file entry.cif (mmCIF, C-alpha atoms)
data_model
#
loop_
_atom_site.label_atom_id
_atom_site.label_comp_id
_atom_site.auth_asym_id
_atom_site.auth_seq_id
_atom_site.Cartn_x
_atom_site.Cartn_y
_atom_site.Cartn_z
CA PRO A 1 117.09 78.67 95.54
CA LYS A 2 119.82 81.13 96.29
CA HIS A 3 122.19 80.50 99.18
CA PRO A 4 121.57 82.92 102.07
CA TYR A 5 125.06 84.35 102.08
CA ALA A 6 125.83 84.22 98.34
CA PRO A 7 128.12 85.52 96.81
CA PHE A 8 130.14 85.27 100.04
CA SER A 9 131.92 82.08 101.07
CA LYS A 10 132.10 80.71 104.59
CA ILE A 11 135.64 80.44 105.95
CA GLU A 12 136.68 78.70 109.16
CA SER A 13 140.01 79.76 110.60
CA GLU A 14 141.29 79.13 114.13
CA GLY A 15 137.78 78.25 115.31
CA LYS A 16 136.30 81.49 114.00
CA ILE A 17 133.81 81.73 111.14
CA SER A 18 133.87 84.59 108.65
CA TYR A 19 132.35 85.30 105.25
CA LYS A 20 134.39 86.68 102.36
CA ILE A 21 134.12 87.25 98.66
CA TRP A 22 136.40 85.01 96.60
CA GLU A 23 138.44 87.96 95.28
CA ASP A 24 139.17 89.14 98.85
CA MET A 25 140.43 85.76 100.13
CA THR A 26 144.07 84.92 100.74
CA GLU A 27 145.61 81.90 99.02
CA SER A 28 145.46 79.91 102.27
CA GLU A 29 141.75 80.66 102.59
CA LYS A 30 141.13 79.65 98.96
CA ALA A 31 142.95 76.39 99.65
CA GLN A 32 140.09 75.34 101.97
CA PHE A 33 137.80 74.87 98.97
CA PRO A 34 137.88 71.99 96.51
CA ASN A 35 138.70 72.85 92.92
CA SER A 36 135.34 74.11 91.81
CA PRO A 37 134.63 75.07 88.18
CA ARG A 38 132.91 78.16 89.55
CA PHE A 39 136.23 79.44 90.82
CA SER A 40 138.80 77.76 88.61
CA LYS A 41 137.25 78.61 85.23
CA SER A 42 135.99 82.11 85.99
CA THR A 43 135.92 84.33 82.93
CA PRO A 44 136.19 88.13 83.01
CA GLU A 45 132.51 88.38 82.04
CA LEU A 46 131.48 86.11 84.91
CA ALA A 47 133.70 88.00 87.35
CA ASN A 48 132.21 91.33 86.23
CA TYR A 49 128.68 89.95 86.58
CA GLU A 50 129.34 88.54 90.05
CA SER A 51 130.81 91.88 91.11
CA SER A 52 127.67 93.68 89.87
CA LEU A 53 125.47 91.05 91.52
CA ARG A 54 127.32 91.44 94.82
CA ASP A 55 126.95 95.25 94.72
CA TYR A 56 123.26 94.94 93.85
CA GLU A 57 122.56 92.38 96.60
CA ILE A 58 124.28 94.55 99.21
CA TYR A 59 122.19 97.53 98.09
CA ARG A 60 119.00 95.43 97.92
CA ASN A 61 119.42 94.01 101.42
CA ARG A 62 120.36 97.31 103.05
CA GLY A 63 117.71 99.02 105.12
CA THR A 64 114.04 98.60 104.29
CA HIS A 65 112.36 96.50 101.63
CA PHE A 66 111.99 97.94 98.12
CA ILE A 67 108.29 98.73 98.51
CA ASP A 68 109.00 100.86 101.60
CA LYS A 69 111.85 102.87 100.04
CA SER A 70 111.52 106.34 98.55
CA SER A 71 110.93 106.62 94.81
CA ILE A 72 114.53 107.80 94.30
CA ASP A 73 115.93 104.78 96.16
CA GLN A 74 113.57 102.50 94.22
CA GLU A 75 114.84 103.96 90.95
CA LEU A 76 118.47 103.49 92.01
CA GLU A 77 117.79 99.90 93.02
CA MET A 78 115.99 99.18 89.73
CA THR A 79 118.97 100.62 87.84
CA ALA A 80 121.39 98.34 89.73
CA PHE A 81 119.06 95.37 89.07
CA ALA A 82 118.84 96.21 85.35
CA LYS A 83 122.63 96.36 85.09
CA ALA A 84 123.07 92.99 86.79
CA GLN A 85 120.21 91.43 84.79
CA ASN A 86 121.66 92.72 81.51
CA GLN A 87 125.08 91.28 82.34
CA TYR A 88 123.49 87.95 83.29
CA ASN A 89 121.55 87.82 80.02
CA TYR A 90 124.76 88.20 78.01
CA LEU A 91 126.67 85.46 79.86
CA GLU A 92 127.37 82.28 77.95
CA ALA A 93 125.31 79.24 78.96
CA GLU A 94 128.21 77.54 80.74
CA ASN A 95 128.86 80.67 82.82
CA LYS A 96 125.16 80.91 83.71
CA LYS A 97 125.41 77.41 85.20
CA MET A 98 128.11 78.68 87.60
CA THR A 99 126.07 81.55 89.03
CA VAL A 100 122.53 82.70 89.77
CA PRO A 101 120.36 85.40 88.21
CA PRO A 102 119.67 88.53 90.25
CA THR A 103 116.60 88.53 92.47
CA HIS A 104 114.00 91.11 91.48
CA PRO A 105 114.01 94.11 93.84
CA TYR A 106 110.41 93.77 94.94
CA ALA A 107 110.36 89.98 95.31
CA PRO A 108 108.25 88.29 96.77
CA TYR A 109 105.73 90.99 95.83
CA VAL A 110 104.01 91.46 92.46
CA LYS A 111 103.82 94.91 90.92
CA ILE A 112 100.39 95.96 89.71
CA GLU A 113 100.19 99.04 87.51
CA SER A 114 96.99 100.80 88.43
CA GLY A 115 96.63 104.50 87.90
CA VAL A 116 99.42 106.85 88.92
CA LYS A 117 101.21 104.85 91.61
CA PRO A 118 102.04 101.13 91.29
CA VAL A 119 100.69 98.77 93.95
CA PHE A 120 102.71 95.86 95.37
CA LYS A 121 100.96 92.74 96.67
CA LEU A 122 101.89 89.23 97.64
CA VAL A 123 100.67 86.57 95.20
CA LYS A 124 98.41 85.07 97.86
CA ASP A 125 96.67 88.46 98.30
CA LEU A 126 95.85 89.01 94.61
CA THR A 127 92.23 89.12 93.47
CA GLU A 128 91.15 86.94 90.55
CA GLU A 129 91.20 89.97 88.22
CA GLU A 130 94.72 90.93 89.35
CA ARG A 131 95.90 87.37 88.79
CA LYS A 132 94.70 87.53 85.18
CA LEU A 133 96.39 90.90 84.61
CA THR A 134 99.73 89.80 86.06
CA GLY A 135 99.72 86.24 84.73
CA CYS A 136 100.03 84.69 88.20
#

call {"tool": "encode", "arguments": {"input": "entry.cif", "output": "structure tokens"}}
result
Amino acid sequence: PKHPYAPFSKIESEGKISYKIWEDMTESEKAQFPNSPRFSKSTPELANYESSLRDYEIYRNRGTHFIDKSSIDQELEMTAFAKAQNQYNYLEAENKKMTVPPTHPYAPYVKIESGVKPVFKLVKDLTEEERKLTGC
């Protein structure tokens, strides 16, 4: 499972709680965290991926769900997802262990191609025939 506020980190300072991205933290804020391989052995590829993932997640969680967005917004979101997914696929195995793959834009729905316009349904709402077509 993905942490609810990933890729942000929770920081406590003077009794106040805030959430920041690692790159935006001061050295004193970074000192609150134990030496984690995720942060201490970050490679440029991993940093680029996490930046793309952060941008995608912000876009994905803004406004309405994917299935309720306009076709232009859906296309833009799919493009951002494809970029993040492509970067994740090319990460080395040890870097993949330090991060998470991007969440599909229309999760938890399943896309069913039927006719002109795709239909999105929850897995629990699929018919037996739709389950066979989607492999669920």

call {"tool": "residues_around", "arguments": {"input": "entry.cif", "residues": "segment 70-83 of chain A", "least_positions_apart": "5", "cutoff": "9 Å", "atoms": "only C-alpha atoms", "output": "list in words"}}
result
Tyr49, Ser52, Leu53, Asp55, Tyr56, Glu57, Tyr59, Arg60, Tyr88, Pro102, Thr103, His104 and Pro105 of chain A

call {"tool": "write_last_selection", "arguments": {"input": "entry.cif", "atoms": "C-alpha atoms", "output": "CSV table (one decimal), in the coordinates of the input"}}
result
chain,number,residue,atom,x,y,z
A,49,TYR,CA,128.7,90.0,86.6
A,52,SER,CA,127.7,93.7,89.9
A,53,LEU,CA,125.5,91.0,91.5
A,55,ASP,CA,127.0,95.2,94.7
A,56,TYR,CA,123.3,94.9,93.8
A,57,GLU,CA,122.6,92.4,96.6
A,59,TYR,CA,122.2,97.5,98.1
A,60,ARG,CA,119.0,95.4,97.9
A,88,TYR,CA,123.5,88.0,83.3
A,102,PRO,CA,119.7,88.5,90.2
A,103,THR,CA,116.6,88.5,92.5
A,104,HIS,CA,114.0,91.1,91.5
A,105,PRO,CA,114.0,94.1,93.8

call {"tool": "closest_residue", "arguments": {"input": "entry.cif", "among": "A:Thr127, A:Ser13, A:Ser42, A:Ser51", "to": "Glu94 of chain A", "atoms": "only C-alpha atoms"}}
result
A:Ser42

call {"tool": "closest_residue", "arguments": {"input": "entry.cif", "among": "A:Gly115, A:Val100, A:Lys124, A:Asn48", "to": "Gln87 of chain A", "atoms": "only C-alpha atoms"}}
result
A:Asn48

call {"tool": "atom_distance", "arguments": {"input": "entry.cif", "atom1": "atom CA of Pro118 of chain A", "atom2": "atom CA of Asn89 of chain A"}}
result
26.2 Å

call {"tool": "resolve_selection", "arguments": {"input": "entry.cif", "expression": "the PyMOL selection byres ((chain A and resi 19-31) around 7)", "output": "list in words"}}
result
Pro7, Phe8, Ser9, Lys10, Ile11, Ser18, Gln32 and Phe33 of chain A

call {"tool": "resolve_selection", "arguments": {"input": "entry.cif", "expression": "the PyMOL selection byres ((chain A and resi 121) around 6)", "output": "PyMOL selection string"}}
result
chain A and resi 109-110+120+122

call {"tool": "atom_distance", "arguments": {"input": "entry.cif", "atom1": "atom CA of Tyr106 of chain A", "atom2": "atom CA of Phe66 of chain A"}}
result
5.5 Å

call {"tool": "atom_distance", "arguments": {"input": "entry.cif", "atom1": "atom CA of Arg62 of chain A", "atom2": "atom CA of Pro44 of chain A"}}
result
27.1 Å

call {"tool": "closest_residue", "arguments": {"input": "entry.cif", "among": "A:Gly135, A:Met98, A:Glu12, A:Glu50", "to": "Gln85 of chain A", "atoms": "only C-alpha atoms"}}
result
A:Glu50

call {"tool": "closest_residue", "arguments": {"input": "entry.cif", "among": "A:Arg54, A:Lys111, A:His65, A:Lys96", "to": "Leu133 of chain A", "atoms": "all atoms listed in the file"}}
result
A:Lys111

call {"tool": "axis_aligned_box", "arguments": {"input": "entry.cif", "around": "segment 93-102 of chain A", "padding_each_side": "5 Å", "output": "lines of an AutoDock Vina configuration file"}}
result
center_x = 124.3
center_y = 83.0
center_z = 84.6
size_x = 19.2
size_y = 21.1
size_z = 21.3

call {"tool": "closest_residue", "arguments": {"input": "entry.cif", "among": "A:Ala107, A:Ile67, A:Leu46, A:Val116", "to": "Ala84 of chain A", "atoms": "all atoms listed in the file"}}
result
A:Leu46
